[in-house]
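See below for final_11.cif, which holds mmCIF, C-alpha atoms.
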data_run
#
loop_
_atom_site.group_PDB
_atom_site.id
_atom_site.type_symbol
_atom_site.label_atom_id
_atom_site.label_comp_id
_atom_site.auth_asym_id
_atom_site.auth_seq_id
_atom_site.Cartn_x
_atom_site.Cartn_y
_atom_site.Cartn_z
ATOM 1 C CA MET I 784 -27.121 11.379 4.591
ATOM 2 C CA SER I 785 -27.351 8.012 6.367
ATOM 3 C CA SER I 786 -24.323 6.316 4.755
ATOM 4 C CA VAL I 787 -21.277 7.076 2.599
ATOM 5 C CA THR I 788 -19.325 4.582 0.484
ATOM 6 C CA VAL I 789 -15.663 5.147 -0.394
ATOM 7 C CA ARG I 790 -13.414 2.982 -2.582
ATOM 8 C CA VAL I 791 -9.718 3.100 -1.680
ATOM 9 C CA PRO I 792 -6.878 1.575 -3.742
ATOM 10 C CA ALA I 793 -3.977 -0.693 -2.863
ATOM 11 C CA LYS I 794 -0.418 0.411 -3.512
ATOM 12 C CA VAL I 795 2.851 -0.941 -4.792
ATOM 13 C CA ASN I 796 6.224 0.613 -4.013
ATOM 14 C CA VAL I 797 8.046 0.974 -7.318
ATOM 15 C CA GLN I 798 11.029 2.228 -5.325
ATOM 16 C CA LEU I 799 11.537 1.440 -1.655
ATOM 17 C CA SER I 800 14.964 2.521 -0.447
ATOM 18 C CA VAL I 801 15.559 2.009 3.269
ATOM 19 C CA GLY I 802 18.113 4.038 5.223
ATOM 20 C CA PRO I 803 19.780 3.019 8.484
ATOM 21 C CA LEU I 804 17.784 2.448 11.658
ATOM 22 C CA ARG I 805 17.047 5.737 13.461
ATOM 23 C CA ASP I 806 17.065 6.346 17.206
ATOM 24 C CA ASP I 807 13.250 6.450 17.204
ATOM 25 C CA GLY I 808 13.047 2.944 15.750
ATOM 26 C CA TYR I 809 12.051 4.074 12.266
ATOM 27 C CA HIS I 810 14.087 4.210 9.052
ATOM 28 C CA ASP I 811 14.507 7.110 6.669
ATOM 29 C CA LEU I 812 12.904 6.103 3.397
ATOM 30 C CA VAL I 813 12.723 7.077 -0.219
ATOM 31 C CA ASN I 814 9.433 5.549 -1.197
ATOM 32 C CA VAL I 815 7.799 5.936 -4.609
ATOM 33 C CA PHE I 816 4.190 4.870 -4.116
ATOM 34 C CA HIS I 817 1.926 3.869 -6.991
ATOM 35 C CA ALA I 818 -1.772 3.208 -6.316
ATOM 36 C CA VAL I 819 -3.414 0.389 -8.278
ATOM 37 C CA SER I 820 -6.998 -0.534 -9.020
ATOM 38 C CA ILE I 821 -7.485 -3.202 -6.376
ATOM 39 C CA PHE I 822 -9.981 -1.488 -4.086
ATOM 40 C CA ASP I 823 -11.286 -1.976 -0.570
ATOM 41 C CA GLU I 824 -14.751 -0.522 -0.032
ATOM 42 C CA VAL I 825 -15.462 1.368 3.190
ATOM 43 C CA VAL I 826 -19.070 2.159 4.068
ATOM 44 C CA ALA I 827 -19.736 4.575 6.934
ATOM 45 C CA LYS I 828 -23.236 4.345 8.417
ATOM 46 C CA GLU I 829 -24.928 6.452 11.062
ATOM 47 C CA SER I 830 -24.607 4.893 14.520
ATOM 48 C CA GLU I 831 -24.505 5.917 18.171
ATOM 49 C CA GLY I 832 -21.240 4.089 18.863
ATOM 50 C CA LEU I 833 -18.028 3.225 16.998
ATOM 51 C CA SER I 834 -17.847 -0.233 15.431
ATOM 52 C CA VAL I 835 -16.374 -2.046 12.451
ATOM 53 C CA LYS I 836 -17.447 -5.080 10.442
ATOM 54 C CA VAL I 837 -15.184 -6.684 7.838
ATOM 55 C CA VAL I 838 -16.227 -8.983 4.991
ATOM 56 C CA GLY I 839 -14.515 -10.256 1.845
ATOM 57 C CA GLU I 840 -10.968 -11.475 1.177
ATOM 58 C CA SER I 841 -9.314 -12.829 4.405
ATOM 59 C CA ALA I 842 -11.757 -10.784 6.503
ATOM 60 C CA GLU I 843 -11.222 -13.114 9.459
ATOM 61 C CA LEU I 844 -7.623 -11.864 9.759
ATOM 62 C CA VAL I 845 -8.618 -8.218 10.313
ATOM 63 C CA PRO I 846 -8.981 -7.101 13.957
ATOM 64 C CA LEU I 847 -12.315 -5.622 15.015
ATOM 65 C CA ASP I 848 -11.109 -3.937 18.223
ATOM 66 C CA ASP I 849 -9.342 -0.626 18.817
ATOM 67 C CA SER I 850 -6.248 -1.886 16.983
ATOM 68 C CA ASN I 851 -8.200 -1.607 13.706
ATOM 69 C CA LEU I 852 -6.780 1.378 11.802
ATOM 70 C CA ALA I 853 -10.165 2.396 10.387
ATOM 71 C CA ILE I 854 -11.619 2.669 13.904
ATOM 72 C CA GLN I 855 -8.545 4.650 14.972
ATOM 73 C CA ALA I 856 -9.074 6.963 11.993
ATOM 74 C CA ALA I 857 -12.732 7.612 12.842
ATOM 75 C CA ARG I 858 -11.861 8.310 16.471
ATOM 76 C CA ALA I 859 -8.991 10.643 15.511
ATOM 77 C CA LEU I 860 -11.247 12.556 13.107
ATOM 78 C CA ALA I 861 -13.918 13.035 15.765
ATOM 79 C CA LYS I 862 -11.268 14.227 18.232
ATOM 80 C CA HIS I 863 -9.896 16.675 15.655
ATOM 81 C CA ALA I 864 -13.402 18.070 15.167
ATOM 82 C CA GLY I 865 -13.819 18.429 18.931
ATOM 83 C CA ARG I 866 -17.071 16.487 19.024
ATOM 84 C CA THR I 867 -18.373 13.009 19.808
ATOM 85 C CA TYR I 868 -19.606 11.073 16.816
ATOM 86 C CA GLY I 869 -20.673 7.531 16.164
ATOM 87 C CA VAL I 870 -20.256 5.419 13.054
ATOM 88 C CA GLU I 871 -20.603 1.828 11.923
ATOM 89 C CA LEU I 872 -17.872 1.012 9.414
ATOM 90 C CA VAL I 873 -18.408 -1.888 7.014
ATOM 91 C CA ILE I 874 -15.230 -2.810 5.116
ATOM 92 C CA THR I 875 -15.271 -5.120 2.107
ATOM 93 C CA LYS I 876 -11.742 -6.422 1.593
ATOM 94 C CA ALA I 877 -10.142 -7.044 -1.790
ATOM 95 C CA ILE I 878 -6.631 -5.809 -0.897
ATOM 96 C CA PRO I 879 -4.582 -8.711 0.551
ATOM 97 C CA VAL I 880 -4.302 -8.611 4.357
ATOM 98 C CA ALA I 881 -0.679 -8.220 5.570
ATOM 99 C CA GLY I 882 0.333 -8.462 1.911
ATOM 100 C CA GLY I 883 2.581 -5.402 1.555
ATOM 101 C CA MET I 884 -0.098 -3.418 -0.294
ATOM 102 C CA ALA I 885 -1.223 -1.077 2.535
ATOM 103 C CA GLY I 886 -4.687 -2.573 2.989
ATOM 104 C CA GLY I 887 -5.039 -1.399 6.578
ATOM 105 C CA SER I 888 -3.812 2.062 5.646
ATOM 106 C CA ALA I 889 -6.276 2.180 2.751
ATOM 107 C CA ASP I 890 -9.126 1.342 5.125
ATOM 108 C CA ALA I 891 -8.032 4.119 7.487
ATOM 109 C CA ALA I 892 -7.960 6.590 4.600
ATOM 110 C CA GLY I 893 -11.384 5.410 3.486
ATOM 111 C CA ALA I 894 -12.740 5.911 6.987
ATOM 112 C CA LEU I 895 -11.370 9.476 7.096
ATOM 113 C CA ILE I 896 -12.997 10.386 3.768
ATOM 114 C CA ALA I 897 -16.300 8.651 4.551
ATOM 115 C CA CYS I 898 -16.686 10.004 8.084
ATOM 116 C CA ASN I 899 -15.743 13.529 7.017
ATOM 117 C CA GLU I 900 -18.614 13.313 4.526
ATOM 118 C CA LEU I 901 -21.078 11.462 6.771
ATOM 119 C CA TRP I 902 -20.598 13.838 9.674
ATOM 120 C CA GLY I 903 -20.734 16.916 7.432
ATOM 121 C CA LEU I 904 -17.421 18.219 8.731
ATOM 122 C CA GLY I 905 -16.208 19.607 5.417
ATOM 123 C CA LEU I 906 -12.578 19.401 6.517
ATOM 124 C CA PRO I 907 -10.063 20.182 3.741
ATOM 125 C CA ARG I 908 -7.732 17.485 2.447
ATOM 126 C CA GLU I 909 -4.814 19.164 4.283
ATOM 127 C CA ASP I 910 -6.481 18.487 7.668
ATOM 128 C CA LEU I 911 -7.197 14.881 6.733
ATOM 129 C CA MET I 912 -3.572 14.419 5.637
ATOM 130 C CA GLU I 913 -2.369 15.711 9.016
ATOM 131 C CA ILE I 914 -4.567 13.207 10.843
ATOM 132 C CA ALA I 915 -3.469 10.458 8.453
ATOM 133 C CA ALA I 916 0.228 11.053 9.185
ATOM 134 C CA ASP I 917 -0.383 10.387 12.874
ATOM 135 C CA LEU I 918 -2.098 7.072 12.089
ATOM 136 C CA GLY I 919 0.711 5.469 10.071
ATOM 137 C CA SER I 920 3.406 6.030 7.478
ATOM 138 C CA ASP I 921 1.325 4.725 4.534
ATOM 139 C CA VAL I 922 -2.017 6.346 5.427
ATOM 140 C CA PRO I 923 -1.302 9.770 3.860
ATOM 141 C CA PHE I 924 -0.533 8.174 0.492
ATOM 142 C CA SER I 925 -3.633 5.985 0.728
ATOM 143 C CA LEU I 926 -5.599 9.215 1.165
ATOM 144 C CA MET I 927 -3.886 10.805 -1.863
ATOM 145 C CA GLY I 928 -3.598 7.946 -4.363
ATOM 146 C CA GLY I 929 -2.031 8.339 -7.797
ATOM 147 C CA THR I 930 1.781 8.217 -7.735
ATOM 148 C CA ALA I 931 3.898 10.045 -5.164
ATOM 149 C CA LEU I 932 7.374 10.295 -3.700
ATOM 150 C CA GLY I 933 7.425 9.730 0.051
ATOM 151 C CA THR I 934 10.323 10.703 2.296
ATOM 152 C CA GLY I 935 10.891 10.744 6.059
ATOM 153 C CA ARG I 936 8.994 7.667 7.261
ATOM 154 C CA GLY I 937 7.185 7.813 3.913
ATOM 155 C CA GLU I 938 4.554 10.287 5.093
ATOM 156 C CA GLN I 939 6.084 13.423 3.511
ATOM 157 C CA LEU I 940 4.589 13.282 0.035
ATOM 158 C CA THR I 941 5.240 14.956 -3.306
ATOM 159 C CA PRO I 942 3.048 14.027 -6.296
ATOM 160 C CA VAL I 943 4.943 12.337 -9.150
ATOM 161 C CA GLU I 944 3.999 13.025 -12.754
ATOM 162 C CA THR I 945 2.889 9.823 -14.450
ATOM 163 C CA ALA I 946 1.882 9.393 -18.103
ATOM 164 C CA GLY I 947 -0.781 6.957 -19.183
ATOM 165 C CA ARG I 948 -1.607 3.667 -17.521
ATOM 166 C CA PHE I 949 0.715 0.921 -16.247
ATOM 167 C CA HIS I 950 -0.493 -2.693 -16.231
ATOM 168 C CA TRP I 951 0.316 -5.005 -13.335
ATOM 169 C CA VAL I 952 -0.273 -8.491 -12.018
ATOM 170 C CA PHE I 953 -0.206 -9.150 -8.273
ATOM 171 C CA ALA I 954 0.530 -12.676 -7.108
ATOM 172 C CA VAL I 955 -1.090 -13.153 -3.716
ATOM 173 C CA ALA I 956 0.571 -15.635 -1.358
ATOM 174 C CA ASP I 957 -0.980 -17.778 1.345
ATOM 175 C CA GLY I 958 -0.701 -15.954 4.671
ATOM 176 C CA GLY I 959 0.865 -12.584 5.386
ATOM 177 C CA LEU I 960 4.143 -11.132 6.579
ATOM 178 C CA SER I 961 4.545 -8.748 9.494
ATOM 179 C CA THR I 962 5.969 -5.409 8.327
ATOM 180 C CA ALA I 963 7.865 -5.017 11.607
ATOM 181 C CA ARG I 964 9.364 -8.487 11.243
ATOM 182 C CA VAL I 965 10.517 -7.790 7.683
ATOM 183 C CA TYR I 966 12.190 -4.517 8.697
ATOM 184 C CA ALA I 967 13.878 -6.309 11.615
ATOM 185 C CA GLU I 968 15.141 -9.006 9.246
ATOM 186 C CA CYS I 969 16.433 -6.299 6.889
ATOM 187 C CA ASP I 970 18.412 -4.792 9.765
ATOM 188 C CA ARG I 971 19.679 -8.241 10.813
ATOM 189 C CA LEU I 972 20.867 -9.103 7.298
ATOM 190 C CA ARG I 973 22.690 -5.792 6.965
ATOM 191 C CA GLU I 974 24.426 -6.278 10.299
ATOM 192 C CA ALA I 975 25.324 -9.900 9.526
ATOM 193 C CA THR I 976 26.869 -8.989 6.175
ATOM 194 C CA GLY I 977 28.510 -5.776 7.396
ATOM 195 C CA THR I 978 26.566 -3.743 4.868
ATOM 196 C CA ARG I 979 26.978 -0.003 5.397
ATOM 197 C CA VAL I 980 23.829 1.882 4.482
ATOM 198 C CA GLY I 981 23.805 5.550 3.578
ATOM 199 C CA TRP I 982 21.072 8.102 3.067
ATOM 200 C CA PRO I 983 18.514 6.753 0.567
ATOM 201 C CA GLN I 984 18.444 8.529 -2.797
ATOM 202 C CA VAL I 985 15.683 9.117 -5.324
ATOM 203 C CA ASN I 986 16.062 7.065 -8.505
ATOM 204 C CA GLU I 987 15.808 9.743 -11.191
ATOM 205 C CA ALA I 988 15.684 7.162 -14.003
ATOM 206 C CA LEU I 989 12.607 5.616 -12.385
ATOM 207 C CA LEU I 990 10.882 9.019 -12.108
ATOM 208 C CA ALA I 991 11.702 9.679 -15.775
ATOM 209 C CA ALA I 992 10.156 6.339 -16.774
ATOM 210 C CA LEU I 993 6.955 7.182 -14.874
ATOM 211 C CA LYS I 994 6.792 10.619 -16.492
ATOM 212 C CA ALA I 995 7.277 9.131 -19.951
ATOM 213 C CA GLY I 996 4.815 6.292 -19.396
ATOM 214 C CA ASP I 997 7.606 3.869 -20.392
ATOM 215 C CA ALA I 998 6.736 0.496 -18.861
ATOM 216 C CA ARG I 999 9.891 -1.243 -20.116
ATOM 217 C CA ALA I 1000 12.144 1.422 -18.570
ATOM 218 C CA LEU I 1001 10.146 1.381 -15.324
ATOM 219 C CA GLY I 1002 10.385 -2.402 -15.104
ATOM 220 C CA ALA I 1003 14.176 -2.194 -15.276
ATOM 221 C CA GLU I 1004 14.283 0.302 -12.390
ATOM 222 C CA LEU I 1005 11.961 -1.375 -9.829
ATOM 223 C CA THR I 1006 13.790 -1.607 -6.477
ATOM 224 C CA ASN I 1007 12.859 -2.759 -2.986
ATOM 225 C CA ASP I 1008 15.449 -2.860 -0.205
ATOM 226 C CA LEU I 1009 13.096 -5.038 1.871
ATOM 227 C CA GLN I 1010 12.982 -7.756 -0.774
ATOM 228 C CA PRO I 1011 16.011 -9.781 0.472
ATOM 229 C CA ALA I 1012 14.471 -9.865 3.961
ATOM 230 C CA ALA I 1013 11.061 -10.922 2.639
ATOM 231 C CA LEU I 1014 12.707 -13.665 0.558
ATOM 232 C CA MET I 1015 14.631 -14.868 3.590
ATOM 233 C CA LEU I 1016 11.422 -15.117 5.624
ATOM 234 C CA ARG I 1017 9.395 -16.645 2.780
ATOM 235 C CA ARG I 1018 11.731 -18.622 0.512
ATOM 236 C CA SER I 1019 8.925 -19.614 -1.870
ATOM 237 C CA LEU I 1020 8.665 -16.015 -3.146
ATOM 238 C CA ALA I 1021 11.849 -16.492 -5.187
ATOM 239 C CA ARG I 1022 10.035 -19.128 -7.246
ATOM 240 C CA THR I 1023 7.091 -16.778 -7.753
ATOM 241 C CA LEU I 1024 9.362 -13.970 -8.971
ATOM 242 C CA ASP I 1025 11.236 -16.324 -11.305
ATOM 243 C CA ALA I 1026 7.962 -17.605 -12.756
ATOM 244 C CA GLY I 1027 6.780 -14.087 -13.540
ATOM 245 C CA ARG I 1028 10.072 -13.140 -15.177
ATOM 246 C CA GLY I 1029 10.001 -16.370 -17.161
ATOM 247 C CA SER I 1030 6.531 -15.489 -18.430
ATOM 248 C CA GLY I 1031 7.713 -12.192 -19.880
ATOM 249 C CA ALA I 1032 7.143 -9.666 -17.105
ATOM 250 C CA LEU I 1033 8.974 -6.383 -17.718
ATOM 251 C CA GLY I 1034 9.714 -6.111 -14.016
ATOM 252 C CA ALA I 1035 9.216 -8.260 -10.918
ATOM 253 C CA ILE I 1036 9.345 -7.152 -7.300
ATOM 254 C CA VAL I 1037 8.074 -7.995 -3.840
ATOM 255 C CA SER I 1038 5.442 -5.394 -2.978
ATOM 256 C CA GLY I 1039 6.500 -3.460 0.123
ATOM 257 C CA SER I 1040 7.149 -5.862 2.994
ATOM 258 C CA GLY I 1041 5.508 -8.712 1.070
ATOM 259 C CA PRO I 1042 4.567 -11.437 0.589
ATOM 260 C CA THR I 1043 2.569 -10.212 -2.447
ATOM 261 C CA CYS I 1044 4.701 -10.118 -5.610
ATOM 262 C CA ALA I 1045 4.123 -7.442 -8.278
ATOM 263 C CA PHE I 1046 4.784 -7.908 -11.989
ATOM 264 C CA LEU I 1047 4.798 -5.049 -14.489
ATOM 265 C CA VAL I 1048 3.697 -5.934 -18.029
ATOM 266 C CA GLY I 1049 3.223 -4.107 -21.308
ATOM 267 C CA ASP I 1050 -0.543 -4.236 -21.769
ATOM 268 C CA GLU I 1051 -3.858 -5.523 -20.438
ATOM 269 C CA GLU I 1052 -3.814 -8.696 -22.523
ATOM 270 C CA HIS I 1053 -0.402 -9.688 -21.176
ATOM 271 C CA ALA I 1054 -1.627 -8.974 -17.646
ATOM 272 C CA HIS I 1055 -4.479 -11.463 -17.996
ATOM 273 C CA ASP I 1056 -2.201 -14.053 -19.638
ATOM 274 C CA LEU I 1057 0.417 -13.704 -16.899
ATOM 275 C CA ALA I 1058 -2.189 -13.966 -14.138
ATOM 276 C CA ALA I 1059 -3.459 -17.207 -15.664
ATOM 277 C CA SER I 1060 0.090 -18.522 -16.031
ATOM 278 C CA LEU I 1061 1.059 -17.819 -12.424
ATOM 279 C CA THR I 1062 -2.102 -19.474 -11.178
ATOM 280 C CA SER I 1063 -1.622 -22.575 -13.338
ATOM 281 C CA LEU I 1064 2.006 -22.900 -12.192
ATOM 282 C CA GLY I 1065 0.842 -22.963 -8.580
ATOM 283 C CA VAL I 1066 3.251 -20.230 -7.446
ATOM 284 C CA ALA I 1067 0.502 -18.021 -5.962
ATOM 285 C CA ARG I 1068 -2.808 -18.527 -4.182
ATOM 286 C CA THR I 1069 -4.324 -16.175 -6.724
ATOM 287 C CA ALA I 1070 -3.057 -13.681 -9.302
ATOM 288 C CA VAL I 1071 -4.873 -10.418 -10.015
ATOM 289 C CA PRO I 1072 -4.440 -8.318 -13.190
ATOM 290 C CA THR I 1073 -4.866 -4.601 -12.552
ATOM 291 C CA TYR I 1074 -3.551 -1.161 -13.514
ATOM 292 C CA GLY I 1075 -2.324 2.103 -12.023
ATOM 293 C CA PRO I 1076 -2.413 4.822 -11.099
ATOM 294 C CA ALA I 1077 -5.712 4.843 -9.201
ATOM 295 C CA VAL I 1078 -7.230 7.225 -6.649
ATOM 296 C CA PRO I 1079 -9.664 6.929 -3.745
ATOM 297 C CA HIS I 1080 -13.177 8.143 -4.476
ATOM 298 C CA ILE I 1081 -16.681 8.345 -3.074
ATOM 299 C CA ALA I 1082 -18.729 5.693 -4.848
#
Take the structure in this file and express it as structure tokens.
Amino acid sequence: MSSVTVRVPAKVNVQLSVGPLRDDGYHDLVNVFHAVSIFDEVVAKESEGLSVKVVGESAELVPLDDSNLAIQAARALAKHAGRTYGVELVITKAIPVAGGMAGGSADAAGALIACNELWGLGLPREDLMEIAADLGSDVPFSLMGGTALGTGRGEQLTPVETAGRFHWVFAVADGGLSTARVYAECDRLREATGTRVGWPQVNEALLAALKAGDARALGAELTNDLQPAALMLRRSLARTLDAGRGSGALGAIVSGSGPTCAFLVGDEEHAHDLAASLTSLGVARTAVPTYGPAVPHIA
């Protein structure tokens, strides 16, 4: 086998509840991840060294050095196997870069799956999940896909039962937002307003809506504790959210740390209509209709 191609999905957090800042600099989270059918493609090719090439949407914004998560994933997998391997990774981007949809984490997960196959390691998913957790909080979910409840830093995952298909529109903004900066702004806003934050709790009504496949109920329960910080750092997102609500979205939320905005709708036709509406209103660089849940897979 000279190359392996893996398609890995983006995610939206349908619940992101952020606890107080911990001594290690992280926050305890309750994070309900939902993978959607916007895919990056990761191709692993035989090579003597380790390298990465990125093409597609905002490819110029993705680092090509050792800070690239896909390169880190390939190196960590080789170390885990106790051998020296080479690979050329070619990533075709469709997931927005620094858009709050875990594009870098998806690429790392894709690299783990592709290199495991290319190198003939045959490692079980449990081993890959262990490596993924060391790479970043979102990488384990990117490896799993579907819908899952994440706790701890978000890396401790439990699958969530989901019925049917949910239809979404993602409004992609110009430029990205730093996740670290958004979390820091969240902490600053809480301190400035004297907000006392307790242990984050699972929203049982949201889990029930997912299990029932009830888009209207899910839309009413979408929550993101990082949203006020993202709106403070990018004031224009409030107009984007208002436009989506005004066009009949069942739910509107900033995806993760932003600046991508996610809109839940009732069906595929409404998704395409809303995407066209958001684009014509000029409140997003582009708007993408899609659905979830989705899973990573070898193409």
Against region 1008-1024 of chain I, which residues of region 795-894 of chain I fall within 9 Å? For each one I want the closest pair of atoms and the distance in Å (one decimal), counting all atoms listed in the file, rows by chain and increasing residue number, as JSON lines.
{"residue": "I:Gln798", "atom": "CA", "partner": "I:Asp1008", "partner_atom": "CA", "distance": 8.5}
{"residue": "I:Leu799", "atom": "CA", "partner": "I:Asp1008", "partner_atom": "CA", "distance": 6.0}
{"residue": "I:Ser800", "atom": "CA", "partner": "I:Asp1008", "partner_atom": "CA", "distance": 5.4}
{"residue": "I:Val801", "atom": "CA", "partner": "I:Asp1008", "partner_atom": "CA", "distance": 6.0}
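Counting only C-alpha atoms, Val795 (chain I) has the following residues at most 9 Å away, ignoring those fewer than 5 positions along the same chain: Val815, Phe816, His817, Ala818, Val819, Gly883, Met884, Ala885, Val1037, Ser1038, Gly1039 and Ala1045 of chain I.
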Next on the checklist: Give me, as an NGL selection string, all polymer residues having an atom no more than 8 Å from Ala1035 (chain I), counting all atoms listed in the file and skipping those fewer than 2 positions away in the same chain.
Outcome noted: :I and (1002 or 1005 or 1024 or 1027-1028 or 1032-1033 or 1037 or 1044-1047)
Item to check | Minimum-distance residue to Leu960 (chain I), chosen among I:Ala1082, I:Leu860, I:Ala881, I:Leu852 (using all atoms listed in the file) | outcome: I:Ala881
Item to check | Selection under test: the PyMOL selection byres ((chain I and resi 992) around 12); residues as a list in words | outcome: Val797, Val943, Glu944, Thr945, Ala946, Gly947, Phe949, Asn986, Glu987, Ala988, Leu989, Leu990, Ala991, Leu993, Lys994, Ala995, Gly996, Asp997, Ala998, Arg999, Ala1000, Leu1001, Gly1002, Ala1003, Glu1004 and Leu1005 of chain I
Checklist outcome for this item: Judged by all atoms listed in the file, the minimum distance to Trp951 (chain I) among I:Glu938, I:Asp890, I:Glu1052, I:Glu968 is found for I:Glu1052
Checklist entry - Hey, which of I:Pro1072, I:Pro792, I:Pro907, I:Pro803 ends up closest to Arg979 (chain I)? Count only C-alpha atoms. => result I:Pro803
Checklist outcome for this item: From CA of Gly937 (chain I) to CA of Thr1043 (chain I) the spacing works out at 19.7 Å
Item to check | Given the PyMOL selection byres ((chain I and resi 932-934) around 8), the residues it picks as a ChimeraX atom specification | outcome: /I:811-816,930-931,935-943
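Proximity of I:Val873, I:Ala856, I:Val985, I:Val980 to Gly919 (chain I), computed with all atoms listed in the file, is greatest for I:Ala856.
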Next on the checklist: Translate the PyMOL selection byres ((chain I and resi 901) around 9) into a concrete residue list for this structure, as number ranges by chain.
Outcome noted: I: 784-787, 827-829, 870, 896-900, 902-904
Checklist outcome for this item: Nearest to Lys794 (chain I), restricted to all atoms listed in the file and choosing among I:Val837, I:Leu911, I:Leu895, I:Ala1077, comes out as I:Ala1077
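For the pair CA of Asp806 (chain I) and CA of Ser961 (chain I), the separation is 21.1 Å.
Reported to one decimal place, the separation of CA of Gly958 (chain I) from CA of Thr976 (chain I) is 28.5 Å.
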Centre and size of axis-aligned box enclosing region 823-826 of chain I plus 3 Å each side, as JSON:
{"center_x": -15.2, "center_y": 0.1, "center_z": 1.7, "size_x": 13.8, "size_y": 10.1, "size_z": 10.6}
